[in-house]
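Enquirer: Next comes the structure file work.cif, holding mmCIF, C-alpha atoms.
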```
data_data
#
loop_
_atom_site.group_PDB
_atom_site.id
_atom_site.type_symbol
_atom_site.label_atom_id
_atom_site.label_comp_id
_atom_site.auth_asym_id
_atom_site.auth_seq_id
_atom_site.Cartn_x
_atom_site.Cartn_y
_atom_site.Cartn_z
ATOM 1 C CA MET A 1 132.444 90.231 100.073
ATOM 2 C CA GLN A 2 130.005 89.874 97.179
ATOM 3 C CA LEU A 3 126.568 91.415 96.697
ATOM 4 C CA GLN A 4 125.198 87.941 96.056
ATOM 5 C CA GLN A 5 126.496 86.751 99.412
ATOM 6 C CA LEU A 6 124.923 89.724 101.177
ATOM 7 C CA GLY A 7 121.629 88.996 99.397
ATOM 8 C CA TYR A 8 121.742 85.388 100.580
ATOM 9 C CA PHE A 9 122.544 86.540 104.115
ATOM 10 C CA VAL A 10 119.604 88.987 104.214
ATOM 11 C CA ALA A 11 117.228 86.347 102.842
ATOM 12 C CA VAL A 12 118.203 83.839 105.548
ATOM 13 C CA ALA A 13 118.042 86.538 108.232
ATOM 14 C CA GLU A 14 114.513 87.465 107.178
ATOM 15 C CA THR A 15 113.156 83.928 106.794
ATOM 16 C CA ARG A 16 115.247 82.391 109.605
ATOM 17 C CA HIS A 17 115.375 79.298 107.407
ATOM 18 C CA PHE A 18 118.056 78.222 104.916
ATOM 19 C CA THR A 19 115.807 76.035 102.777
ATOM 20 C CA ARG A 20 113.001 78.605 102.603
ATOM 21 C CA ALA A 21 115.474 81.354 101.729
ATOM 22 C CA ALA A 22 116.928 79.208 98.951
ATOM 23 C CA GLU A 23 113.447 78.589 97.552
ATOM 24 C CA GLU A 24 112.644 82.298 97.539
ATOM 25 C CA LEU A 25 115.917 83.061 95.769
ATOM 26 C CA HIS A 26 115.505 80.125 93.362
ATOM 27 C CA VAL A 27 118.913 78.691 94.204
ATOM 28 C CA ALA A 28 120.013 75.310 95.529
ATOM 29 C CA GLN A 29 120.145 75.184 99.320
ATOM 30 C CA PRO A 30 123.716 73.726 99.427
ATOM 31 C CA SER A 31 124.926 76.584 97.192
ATOM 32 C CA LEU A 32 123.317 79.161 99.483
ATOM 33 C CA SER A 33 124.835 77.556 102.592
ATOM 34 C CA GLN A 34 128.248 77.489 100.929
ATOM 35 C CA GLN A 35 128.095 81.191 100.113
ATOM 36 C CA ILE A 36 127.047 82.033 103.689
ATOM 37 C CA ARG A 37 130.007 80.027 105.059
ATOM 38 C CA ALA A 38 132.332 81.831 102.631
ATOM 39 C CA LEU A 39 131.001 85.185 103.865
ATOM 40 C CA GLU A 40 131.482 84.149 107.492
ATOM 41 C CA LYS A 41 135.019 83.040 106.733
ATOM 42 C CA GLU A 42 135.849 86.345 105.065
ATOM 43 C CA LEU A 43 134.385 88.338 107.963
ATOM 44 C CA GLY A 44 135.966 86.108 110.566
ATOM 45 C CA ALA A 45 132.738 85.622 112.522
ATOM 46 C CA GLU A 46 129.664 83.422 112.495
ATOM 47 C CA LEU A 47 126.540 85.226 111.414
ATOM 48 C CA PHE A 48 123.946 82.637 112.445
ATOM 49 C CA SER A 49 123.440 80.401 115.409
ATOM 50 C CA ARG A 50 122.185 77.024 114.140
ATOM 51 C CA ALA A 51 121.235 75.337 117.416
ATOM 52 C CA ARG A 52 118.770 72.420 116.981
ATOM 53 C CA GLY A 53 117.416 73.708 113.694
ATOM 54 C CA ASN A 54 116.593 77.167 115.058
ATOM 55 C CA ILE A 55 118.259 79.897 113.013
ATOM 56 C CA THR A 56 119.015 83.072 114.930
ATOM 57 C CA LEU A 57 121.368 85.944 114.294
ATOM 58 C CA THR A 58 124.568 86.204 116.275
ATOM 59 C CA ASP A 59 125.784 89.592 117.481
ATOM 60 C CA ALA A 60 127.887 89.800 114.318
ATOM 61 C CA GLY A 61 124.817 88.972 112.225
ATOM 62 C CA GLU A 62 122.719 91.619 114.000
ATOM 63 C CA THR A 63 125.441 94.169 113.266
ATOM 64 C CA LEU A 64 125.768 93.190 109.620
ATOM 65 C CA LEU A 65 122.027 93.027 108.779
ATOM 66 C CA PRO A 66 121.224 96.781 108.533
ATOM 67 C CA LEU A 67 124.533 97.414 106.780
ATOM 68 C CA ALA A 68 123.860 94.652 104.258
ATOM 69 C CA ARG A 69 120.380 95.991 103.558
ATOM 70 C CA ARG A 70 121.804 99.457 102.982
ATOM 71 C CA ILE A 71 124.538 98.147 100.669
ATOM 72 C CA LEU A 72 122.012 96.167 98.622
ATOM 73 C CA ALA A 73 119.684 99.173 98.416
ATOM 74 C CA ASP A 74 122.545 101.422 97.285
ATOM 75 C CA ALA A 75 123.552 98.856 94.670
ATOM 76 C CA GLU A 76 119.981 98.716 93.357
ATOM 77 C CA THR A 77 119.860 102.515 93.224
ATOM 78 C CA ALA A 78 123.143 102.591 91.308
ATOM 79 C CA ARG A 79 121.856 99.968 88.869
ATOM 80 C CA HIS A 80 118.641 101.915 88.339
ATOM 81 C CA GLU A 81 120.428 105.235 87.803
ATOM 82 C CA VAL A 82 122.826 103.729 85.270
ATOM 83 C CA GLN A 83 119.948 102.097 83.417
ATOM 84 C CA GLU A 84 118.113 105.422 83.396
ATOM 85 C CA LEU A 85 121.132 107.000 81.693
ATOM 86 C CA ALA A 86 121.379 104.102 79.279
ATOM 87 C CA GLN A 87 117.737 104.540 78.352
ATOM 88 C CA LEU A 88 118.627 107.841 76.748
ATOM 89 C CA ARG A 89 121.012 105.998 74.435
ATOM 90 C CA ARG A 90 118.765 103.054 73.699
ATOM 91 C CA GLY A 91 115.291 101.891 74.601
ATOM 92 C CA ARG A 92 111.826 103.003 73.560
ATOM 93 C CA VAL A 93 108.995 105.355 74.400
ATOM 94 C CA ARG A 94 105.399 104.266 73.795
ATOM 95 C CA LEU A 95 103.324 107.350 73.025
ATOM 96 C CA GLY A 96 99.624 107.422 72.270
ATOM 97 C CA ALA A 97 97.944 110.316 70.483
ATOM 98 C CA THR A 98 94.719 111.145 68.755
ATOM 99 C CA PRO A 99 95.010 110.996 64.935
ATOM 100 C CA SER A 100 94.737 114.768 64.513
ATOM 101 C CA LEU A 101 97.613 115.292 66.954
ATOM 102 C CA CYS A 102 99.728 112.700 65.146
ATOM 103 C CA THR A 103 99.268 114.792 62.019
ATOM 104 C CA GLY A 104 99.384 118.294 63.466
ATOM 105 C CA LEU A 105 101.520 118.376 66.602
ATOM 106 C CA LEU A 106 103.839 115.387 66.715
ATOM 107 C CA PRO A 107 105.987 115.512 63.545
ATOM 108 C CA ASP A 108 108.092 118.510 64.623
ATOM 109 C CA VAL A 109 108.272 117.396 68.263
ATOM 110 C CA LEU A 110 109.367 113.859 67.373
ATOM 111 C CA ARG A 111 111.941 115.243 64.955
ATOM 112 C CA THR A 112 113.465 117.316 67.777
ATOM 113 C CA PHE A 113 113.446 114.381 70.187
ATOM 114 C CA HIS A 114 114.949 112.000 67.625
ATOM 115 C CA ASP A 115 117.749 114.449 66.817
ATOM 116 C CA GLN A 116 118.635 114.622 70.515
ATOM 117 C CA HIS A 117 118.241 110.897 71.256
ATOM 118 C CA PRO A 118 118.571 108.908 68.025
ATOM 119 C CA GLY A 119 118.911 105.602 69.876
ATOM 120 C CA ILE A 120 115.409 105.790 71.377
ATOM 121 C CA GLN A 121 112.737 103.915 69.452
ATOM 122 C CA LEU A 122 109.461 105.827 69.262
ATOM 123 C CA VAL A 123 106.360 103.640 69.204
ATOM 124 C CA ILE A 124 103.255 105.662 68.321
ATOM 125 C CA GLU A 125 99.700 104.427 68.775
ATOM 126 C CA GLU A 126 96.815 106.375 67.280
ATOM 127 C CA GLY A 127 93.399 106.258 68.880
ATOM 128 C CA GLY A 128 90.606 108.208 70.469
ATOM 129 C CA SER A 129 91.057 109.524 74.000
ATOM 130 C CA HIS A 130 88.854 106.756 75.424
ATOM 131 C CA ASP A 131 91.045 104.037 73.887
ATOM 132 C CA LEU A 132 94.266 105.776 74.894
ATOM 133 C CA VAL A 133 93.143 106.095 78.515
ATOM 134 C CA ARG A 134 92.424 102.378 78.572
ATOM 135 C CA GLU A 135 95.859 101.580 77.095
ATOM 136 C CA LEU A 136 97.550 103.809 79.673
ATOM 137 C CA ALA A 137 95.677 102.099 82.510
ATOM 138 C CA ARG A 138 96.814 98.644 81.447
ATOM 139 C CA GLY A 139 100.435 99.742 81.034
ATOM 140 C CA ALA A 140 100.591 99.482 77.245
ATOM 141 C CA LEU A 141 101.622 103.157 76.875
ATOM 142 C CA ASP A 142 104.095 105.380 78.724
ATOM 143 C CA LEU A 143 102.449 108.686 77.740
ATOM 144 C CA ALA A 144 99.395 109.778 75.803
ATOM 145 C CA LEU A 145 98.191 113.004 74.250
ATOM 146 C CA VAL A 146 94.468 113.179 74.969
ATOM 147 C CA VAL A 147 91.602 115.622 74.654
ATOM 148 C CA LEU A 148 90.104 117.005 77.871
ATOM 149 C CA PRO A 149 87.775 116.442 79.530
ATOM 150 C CA LEU A 150 88.448 112.723 79.458
ATOM 151 C CA PRO A 151 85.470 110.590 78.381
ATOM 152 C CA THR A 152 85.800 108.646 81.624
ATOM 153 C CA PRO A 153 87.556 110.633 84.389
ATOM 154 C CA SER A 154 90.291 108.505 85.921
ATOM 155 C CA PRO A 155 91.934 109.316 89.267
ATOM 156 C CA ALA A 156 94.701 106.873 88.316
ATOM 157 C CA LEU A 157 95.953 109.258 85.618
ATOM 158 C CA THR A 158 97.922 112.472 85.897
ATOM 159 C CA THR A 159 97.232 115.026 83.166
ATOM 160 C CA VAL A 160 99.137 118.189 82.291
ATOM 161 C CA GLU A 161 97.404 120.679 79.989
ATOM 162 C CA LEU A 162 99.527 121.282 76.911
ATOM 163 C CA LEU A 163 97.554 123.614 74.670
ATOM 164 C CA HIS A 164 94.132 125.055 73.867
ATOM 165 C CA GLU A 165 93.237 124.930 70.202
ATOM 166 C CA ASP A 166 90.473 126.530 68.139
ATOM 167 C CA LEU A 167 88.440 124.470 65.705
ATOM 168 C CA VAL A 168 87.713 125.828 62.220
ATOM 169 C CA VAL A 169 85.618 124.827 59.233
ATOM 170 C CA VAL A 170 87.358 123.672 56.038
ATOM 171 C CA SER A 171 85.712 123.568 52.635
ATOM 172 C CA SER A 172 86.627 123.202 48.995
ATOM 173 C CA PRO A 173 87.597 126.456 47.240
ATOM 174 C CA ALA A 174 85.377 125.328 44.360
ATOM 175 C CA ALA A 175 82.296 125.355 46.582
ATOM 176 C CA THR A 176 80.336 128.441 47.543
ATOM 177 C CA ALA A 177 82.211 130.333 50.233
ATOM 178 C CA PRO A 178 80.461 130.128 53.615
ATOM 179 C CA ARG A 179 79.869 133.246 55.643
ATOM 180 C CA SER A 180 82.806 134.254 57.787
ATOM 181 C CA PRO A 181 82.884 133.872 60.685
ATOM 182 C CA LEU A 182 80.565 130.885 60.600
ATOM 183 C CA ARG A 183 78.094 130.203 63.398
ATOM 184 C CA ILE A 184 77.369 126.684 64.619
ATOM 185 C CA ALA A 185 73.715 127.243 63.647
ATOM 186 C CA ASP A 186 74.858 127.874 60.056
ATOM 187 C CA LEU A 187 75.985 124.242 59.835
ATOM 188 C CA GLU A 188 72.374 123.039 59.870
ATOM 189 C CA GLY A 189 71.539 121.446 56.525
ATOM 190 C CA GLU A 190 75.098 121.882 55.226
ATOM 191 C CA PRO A 191 76.629 118.724 53.688
ATOM 192 C CA MET A 192 79.325 117.584 56.090
ATOM 193 C CA VAL A 193 82.148 115.080 56.007
ATOM 194 C CA MET A 194 82.331 113.371 59.387
ATOM 195 C CA PHE A 195 85.011 111.351 61.148
ATOM 196 C CA ARG A 196 84.544 107.752 62.189
ATOM 197 C CA HIS A 197 83.134 106.763 65.557
ATOM 198 C CA GLY A 198 85.722 107.116 68.325
ATOM 199 C CA TYR A 199 87.154 110.419 67.062
ATOM 200 C CA ASP A 200 87.040 113.140 69.709
ATOM 201 C CA LEU A 201 86.314 115.656 66.935
ATOM 202 C CA ARG A 202 83.188 113.737 65.938
ATOM 203 C CA ASP A 203 81.798 113.820 69.466
ATOM 204 C CA LEU A 204 82.649 117.504 69.901
ATOM 205 C CA THR A 205 80.999 118.528 66.615
ATOM 206 C CA LEU A 206 77.880 116.445 67.235
ATOM 207 C CA SER A 207 77.487 117.876 70.732
ATOM 208 C CA ALA A 208 77.801 121.452 69.449
ATOM 209 C CA CYS A 209 75.176 120.906 66.724
ATOM 210 C CA ARG A 210 72.755 119.174 69.076
ATOM 211 C CA ALA A 211 73.150 121.991 71.579
ATOM 212 C CA LYS A 212 71.781 124.256 68.834
ATOM 213 C CA GLY A 213 68.845 121.899 68.297
ATOM 214 C CA PHE A 214 69.710 120.091 65.079
ATOM 215 C CA GLU A 215 71.356 116.926 63.761
ATOM 216 C CA PRO A 216 74.118 117.544 61.206
ATOM 217 C CA TYR A 217 73.712 116.193 57.661
ATOM 218 C CA PHE A 218 76.511 113.812 56.609
ATOM 219 C CA THR A 219 77.352 113.181 52.985
ATOM 220 C CA VAL A 220 80.309 110.980 53.974
ATOM 221 C CA GLU A 221 81.205 109.609 57.380
ATOM 222 C CA GLY A 222 83.645 107.111 58.822
ATOM 223 C CA GLY A 223 86.936 108.543 57.610
ATOM 224 C CA GLU A 224 90.315 109.156 59.202
ATOM 225 C CA MET A 225 91.859 112.639 59.148
ATOM 226 C CA ASP A 226 93.595 112.395 55.762
ATOM 227 C CA ALA A 227 90.500 110.864 54.175
ATOM 228 C CA VAL A 228 88.224 113.568 55.582
ATOM 229 C CA LEU A 229 90.471 116.329 54.225
ATOM 230 C CA GLY A 230 90.577 114.595 50.848
ATOM 231 C CA PHE A 231 86.781 114.318 50.713
ATOM 232 C CA VAL A 232 86.494 118.015 51.555
ATOM 233 C CA ARG A 233 88.953 118.939 48.784
ATOM 234 C CA ALA A 234 86.832 116.879 46.390
ATOM 235 C CA GLY A 235 83.823 119.030 47.257
ATOM 236 C CA LEU A 236 81.841 116.381 49.136
ATOM 237 C CA GLY A 237 81.135 118.654 52.075
ATOM 238 C CA ILE A 238 82.625 120.753 54.828
ATOM 239 C CA ALA A 239 84.337 119.523 58.008
ATOM 240 C CA VAL A 240 85.198 120.862 61.431
ATOM 241 C CA VAL A 241 88.902 120.334 62.130
ATOM 242 C CA PRO A 242 91.598 121.701 64.468
ATOM 243 C CA SER A 243 93.205 124.939 63.317
ATOM 244 C CA MET A 244 96.608 123.253 63.485
ATOM 245 C CA ILE A 245 95.481 120.661 60.945
ATOM 246 C CA ALA A 246 93.966 123.309 58.694
ATOM 247 C CA ALA A 247 97.230 125.260 58.724
ATOM 248 C CA ARG A 248 99.245 122.164 57.786
ATOM 249 C CA ALA A 249 96.804 120.973 55.127
ATOM 250 C CA GLY A 250 98.162 123.478 52.607
ATOM 251 C CA HIS A 251 96.471 124.545 49.395
ATOM 252 C CA GLY A 252 93.242 123.007 48.251
ATOM 253 C CA LEU A 253 91.221 123.968 51.302
ATOM 254 C CA ARG A 254 89.367 127.104 52.338
ATOM 255 C CA VAL A 255 89.556 127.795 56.068
ATOM 256 C CA THR A 256 86.697 129.627 57.798
ATOM 257 C CA PRO A 257 86.786 130.581 61.495
ATOM 258 C CA LEU A 258 83.825 129.941 63.762
ATOM 259 C CA ALA A 259 82.028 132.877 65.339
ATOM 260 C CA ARG A 260 82.584 133.418 69.052
ATOM 261 C CA PRO A 261 82.476 131.596 71.352
ATOM 262 C CA GLY A 262 83.349 129.040 68.675
ATOM 263 C CA LEU A 263 84.607 125.541 69.372
ATOM 264 C CA HIS A 264 87.797 124.706 71.183
ATOM 265 C CA ARG A 265 89.592 121.696 72.569
ATOM 266 C CA THR A 266 92.154 121.247 75.319
ATOM 267 C CA ILE A 267 95.076 118.911 74.691
ATOM 268 C CA ALA A 268 96.781 117.300 77.687
ATOM 269 C CA LEU A 269 99.658 114.941 78.270
ATOM 270 C CA ALA A 270 98.639 111.975 80.445
ATOM 271 C CA HIS A 271 100.465 109.212 82.282
ATOM 272 C CA ARG A 272 99.690 106.796 85.080
ATOM 273 C CA SER A 273 99.807 108.310 88.558
ATOM 274 C CA ASP A 274 101.008 105.145 90.268
ATOM 275 C CA VAL A 275 103.971 104.450 87.967
ATOM 276 C CA ALA A 276 106.618 107.002 87.045
ATOM 277 C CA PRO A 277 107.237 107.082 83.277
ATOM 278 C CA PRO A 278 110.669 105.866 82.120
ATOM 279 C CA ARG A 279 113.294 108.578 81.946
ATOM 280 C CA ALA A 280 113.205 108.647 78.148
ATOM 281 C CA ALA A 281 109.434 109.232 78.326
ATOM 282 C CA ARG A 282 109.966 112.060 80.815
ATOM 283 C CA VAL A 283 112.475 113.665 78.443
ATOM 284 C CA LEU A 284 109.949 113.415 75.602
ATOM 285 C CA GLN A 285 107.393 115.034 77.895
ATOM 286 C CA ASP A 286 109.818 117.919 78.497
ATOM 287 C CA VAL A 287 110.315 118.312 74.736
ATOM 288 C CA LEU A 288 106.546 118.452 74.216
ATOM 289 C CA LEU A 289 106.098 121.054 76.953
ATOM 290 C CA ALA A 290 109.040 123.112 75.695
ATOM 291 C CA SER A 291 107.703 122.987 72.157
ATOM 292 C CA HIS A 292 104.323 124.284 73.282
ATOM 293 C CA THR A 293 105.928 127.036 75.369
ATOM 294 C CA ALA A 294 108.016 128.154 72.393
ATOM 295 C CA SER A 295 104.964 128.134 70.109
ATOM 296 C CA ALA A 296 102.958 130.158 72.609
ATOM 297 C CA SER A 297 105.766 132.715 72.882
ATOM 298 C CA ASP A 298 106.038 133.031 69.082
ATOM 299 C CA SER A 299 102.318 133.698 68.809
ATOM 300 C CA VAL A 300 102.375 136.569 71.334
#
```
Would it be possible to restate this file's structure as structure tokens?

Expert:
Amino acid sequence: MQLQQLGYFVAVAETRHFTRAAEELHVAQPSLSQQIRALEKELGAELFSRARGNITLTDAGETLLPLARRILADAETARHEVQELAQLRRGRVRLGATPSLCTGLLPDVLRTFHDQHPGIQLVIEEGGSHDLVRELARGALDLALVVLPLPTPSPALTTVELLHEDLVVVSSPAATAPRSPLRIADLEGEPMVMFRHGYDLRDLTLSACRAKGFEPYFTVEGGEMDAVLGFVRAGLGIAVVPSMIAARAGHGLRVTPLARPGLHRTIALAHRSDVAPPRAARVLQDVLLASHTASASDSV
């Protein structure tokens, strides 16, 4: 008894038509009929009554149908489980992240994941939260690290808060040292280096300045994270960046905290609610959550 034969039997039982079943299975009708006859011969009983073109199940067929469905379902479950295991030896995970998170958070996490599962290809896409949400929705990403609140709330996404991060001001050591801590109002009139459109940090900084009643003054705008930090080192202005980035940036930058309540951002891990991420993606999610938990414990 072969799984293929059982699949053919179930298809005919459900359509009550040999030709239609063959079309649905994309096989030749004579081949399907031959396999059904072989199954009947092996079982020693007819499974279908073929009187005057009407296809009905015999008592033997009625008995076999639920068993065949269960066997096929169990086989599919076994195939899926084995593939899930195989995905931890080979396969890929498509992860989206904002540029600052690619620089600040991901290197150590991806190193840990790669050491544990070297056969998994990691495909990283950088973008703003708005773009990443769109890519998740259309199935182009398995997971995404986004900044909350989302620009467009989506009930089709599940988000898990990962960390809360303070924002700080970076400046060139050669420039006059700003007051510390620095108030948002103190940024008025200060030359600033600003990220390109689409950066969550740009929107957050602009909103904070406008809430204090002023438009920030940009000496340079439109850069990515590395470019912005380089412009700041060159003395072209100050910039508001995540504390994680400031800590990783090394020498060549002065870091000034913002006065309370300051500026903060919430990082979350997002995936589609209607489709479970592949197992390899779920393992990467666990590594991300474990990494954050360990970092939080170290900071206490």

Enquirer: So, counting only C-alpha atoms, which residue among A:Val168, A:Ala28, A:Leu187, A:Gly223 is closest to Leu263 in chain A?

Expert: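 Once distances to Leu263 in chain A are computed over only C-alpha atoms, the minimum belongs to A:Val168.
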
Enquirer: Could you state which residues are captured by the PyMOL selection byres ((chain A and resi 186) around 12) in this file, as a PyMOL selection string?

Expert: chain A and resi 169+178-185+187-192+208-209+212-214+216-217+238+258-259

Enquirer: Can I get the selection written as a PDB file, keeping the file's coordinate frame, with C-alpha atoms?

Expert:
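The new file part_12.pdb reads:
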```pdb
ATOM      1  CA  VAL A 169      85.618 124.827  59.233  1.00  0.00           C
ATOM      2  CA  PRO A 178      80.461 130.128  53.615  1.00  0.00           C
ATOM      3  CA  ARG A 179      79.869 133.246  55.643  1.00  0.00           C
ATOM      4  CA  SER A 180      82.806 134.254  57.787  1.00  0.00           C
ATOM      5  CA  PRO A 181      82.884 133.872  60.685  1.00  0.00           C
ATOM      6  CA  LEU A 182      80.565 130.885  60.600  1.00  0.00           C
ATOM      7  CA  ARG A 183      78.094 130.203  63.398  1.00  0.00           C
ATOM      8  CA  ILE A 184      77.369 126.684  64.619  1.00  0.00           C
ATOM      9  CA  ALA A 185      73.715 127.243  63.647  1.00  0.00           C
ATOM     10  CA  LEU A 187      75.985 124.242  59.835  1.00  0.00           C
ATOM     11  CA  GLU A 188      72.374 123.039  59.870  1.00  0.00           C
ATOM     12  CA  GLY A 189      71.539 121.446  56.525  1.00  0.00           C
ATOM     13  CA  GLU A 190      75.098 121.882  55.226  1.00  0.00           C
ATOM     14  CA  PRO A 191      76.629 118.724  53.688  1.00  0.00           C
ATOM     15  CA  MET A 192      79.325 117.584  56.090  1.00  0.00           C
ATOM     16  CA  ALA A 208      77.801 121.452  69.449  1.00  0.00           C
ATOM     17  CA  CYS A 209      75.176 120.906  66.724  1.00  0.00           C
ATOM     18  CA  LYS A 212      71.781 124.256  68.834  1.00  0.00           C
ATOM     19  CA  GLY A 213      68.845 121.899  68.297  1.00  0.00           C
ATOM     20  CA  PHE A 214      69.710 120.091  65.079  1.00  0.00           C
ATOM     21  CA  PRO A 216      74.118 117.544  61.206  1.00  0.00           C
ATOM     22  CA  TYR A 217      73.712 116.193  57.661  1.00  0.00           C
ATOM     23  CA  ILE A 238      82.625 120.753  54.828  1.00  0.00           C
ATOM     24  CA  LEU A 258      83.825 129.941  63.762  1.00  0.00           C
ATOM     25  CA  ALA A 259      82.028 132.877  65.339  1.00  0.00           C
TER      26      ALA A 259
END
```

Enquirer: Gln5 in chain A: which residues within 8 Å, counting all atoms listed in the file, same-chain residues fewer than 4 positions away excluded, as number ranges by chain?

Expert: A: 1, 9, 35-36, 39

Enquirer: Considering only C-alpha atoms, can you say which of A:Leu162, A:Val287, A:Ala175, A:Leu101 comes closest to Asp200 in chain A?

Expert: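 Looking at the shortest contact to Asp200 in chain A, the residue is A:Leu101.
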
Enquirer: As a check of understanding, name the residues that the PyMOL selection byres ((chain A and resi 123-129) around 8) selects in the supplied structure, as a list in words.

Expert: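 Matching residues under the PyMOL selection byres ((chain A and resi 123-129) around 8) are Arg92, Val93, Arg94, Leu95, Gly96, Ala97, Thr98, Pro99, Cys102, Gln121, Leu122, His130, Asp131, Leu132, Val133, Leu145, Val146, Val147, Leu150, Pro151, Gly198, Tyr199 and Asp200 of chain A.
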
Enquirer: For C-alpha atoms, I'd like the residues from the last selection saved as a PDB file, in the coordinates of the input.

Expert:
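Okay, part_38.pdb is ready:
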```pdb
ATOM      1  CA  ARG A  92     111.826 103.003  73.560  1.00  0.00           C
ATOM      2  CA  VAL A  93     108.995 105.355  74.400  1.00  0.00           C
ATOM      3  CA  ARG A  94     105.399 104.266  73.795  1.00  0.00           C
ATOM      4  CA  LEU A  95     103.324 107.350  73.025  1.00  0.00           C
ATOM      5  CA  GLY A  96      99.624 107.422  72.270  1.00  0.00           C
ATOM      6  CA  ALA A  97      97.944 110.316  70.483  1.00  0.00           C
ATOM      7  CA  THR A  98      94.719 111.145  68.755  1.00  0.00           C
ATOM      8  CA  PRO A  99      95.010 110.996  64.935  1.00  0.00           C
ATOM      9  CA  CYS A 102      99.728 112.700  65.146  1.00  0.00           C
ATOM     10  CA  GLN A 121     112.737 103.915  69.452  1.00  0.00           C
ATOM     11  CA  LEU A 122     109.461 105.827  69.262  1.00  0.00           C
ATOM     12  CA  HIS A 130      88.854 106.756  75.424  1.00  0.00           C
ATOM     13  CA  ASP A 131      91.045 104.037  73.887  1.00  0.00           C
ATOM     14  CA  LEU A 132      94.266 105.776  74.894  1.00  0.00           C
ATOM     15  CA  VAL A 133      93.143 106.095  78.515  1.00  0.00           C
ATOM     16  CA  LEU A 145      98.191 113.004  74.250  1.00  0.00           C
ATOM     17  CA  VAL A 146      94.468 113.179  74.969  1.00  0.00           C
ATOM     18  CA  VAL A 147      91.602 115.622  74.654  1.00  0.00           C
ATOM     19  CA  LEU A 150      88.448 112.723  79.458  1.00  0.00           C
ATOM     20  CA  PRO A 151      85.470 110.590  78.381  1.00  0.00           C
ATOM     21  CA  GLY A 198      85.722 107.116  68.325  1.00  0.00           C
ATOM     22  CA  TYR A 199      87.154 110.419  67.062  1.00  0.00           C
ATOM     23  CA  ASP A 200      87.040 113.140  69.709  1.00  0.00           C
TER      24      ASP A 200
END
```

Enquirer: Model the absent atoms of range 133-144 of chain A so that N, CA, C and O atoms are present, and write the result as a short mmCIF file (atom, residue, chain, number, x, y, z; two decimals), in the coordinates of the input.

Expert:
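Saved file rebuild23.cif follows:
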```cif
data_model
loop_
_atom_site.label_atom_id
_atom_site.label_comp_id
_atom_site.auth_asym_id
_atom_site.auth_seq_id
_atom_site.Cartn_x
_atom_site.Cartn_y
_atom_site.Cartn_z
N VAL A 133 93.22 106.18 77.05
CA VAL A 133 93.14 106.10 78.52
C VAL A 133 93.16 104.64 78.95
O VAL A 133 93.83 104.27 79.93
N ARG A 134 92.44 103.81 78.23
CA ARG A 134 92.42 102.38 78.57
C ARG A 134 93.81 101.75 78.40
O ARG A 134 94.25 100.95 79.23
N GLU A 135 94.52 102.13 77.33
CA GLU A 135 95.86 101.58 77.10
C GLU A 135 96.85 102.07 78.15
O GLU A 135 97.73 101.32 78.56
N LEU A 136 96.70 103.31 78.59
CA LEU A 136 97.55 103.81 79.67
C LEU A 136 97.31 103.01 80.95
O LEU A 136 98.25 102.62 81.65
N ALA A 137 96.03 102.78 81.26
CA ALA A 137 95.68 102.10 82.51
C ALA A 137 96.24 100.69 82.56
O ALA A 137 96.63 100.22 83.64
N ARG A 138 96.32 100.02 81.43
CA ARG A 138 96.81 98.64 81.45
C ARG A 138 98.33 98.56 81.20
O ARG A 138 98.89 97.48 81.09
N GLY A 139 98.98 99.72 81.13
CA GLY A 139 100.44 99.74 81.03
C GLY A 139 100.98 99.56 79.64
O GLY A 139 102.18 99.32 79.48
N ALA A 140 100.13 99.68 78.62
CA ALA A 140 100.59 99.48 77.24
C ALA A 140 101.22 100.74 76.66
O ALA A 140 101.85 100.69 75.60
N LEU A 141 101.04 101.89 77.33
CA LEU A 141 101.62 103.16 76.88
C LEU A 141 102.36 103.83 78.03
O LEU A 141 101.98 103.65 79.20
N ASP A 142 103.39 104.60 77.71
CA ASP A 142 104.10 105.38 78.72
C ASP A 142 103.46 106.76 78.88
O ASP A 142 103.34 107.28 80.00
N LEU A 143 103.06 107.36 77.77
CA LEU A 143 102.45 108.69 77.74
C LEU A 143 101.34 108.69 76.70
O LEU A 143 101.36 107.88 75.77
N ALA A 144 100.42 109.63 76.82
CA ALA A 144 99.40 109.78 75.80
C ALA A 144 98.96 111.23 75.71
O ALA A 144 98.84 111.92 76.73
#
```
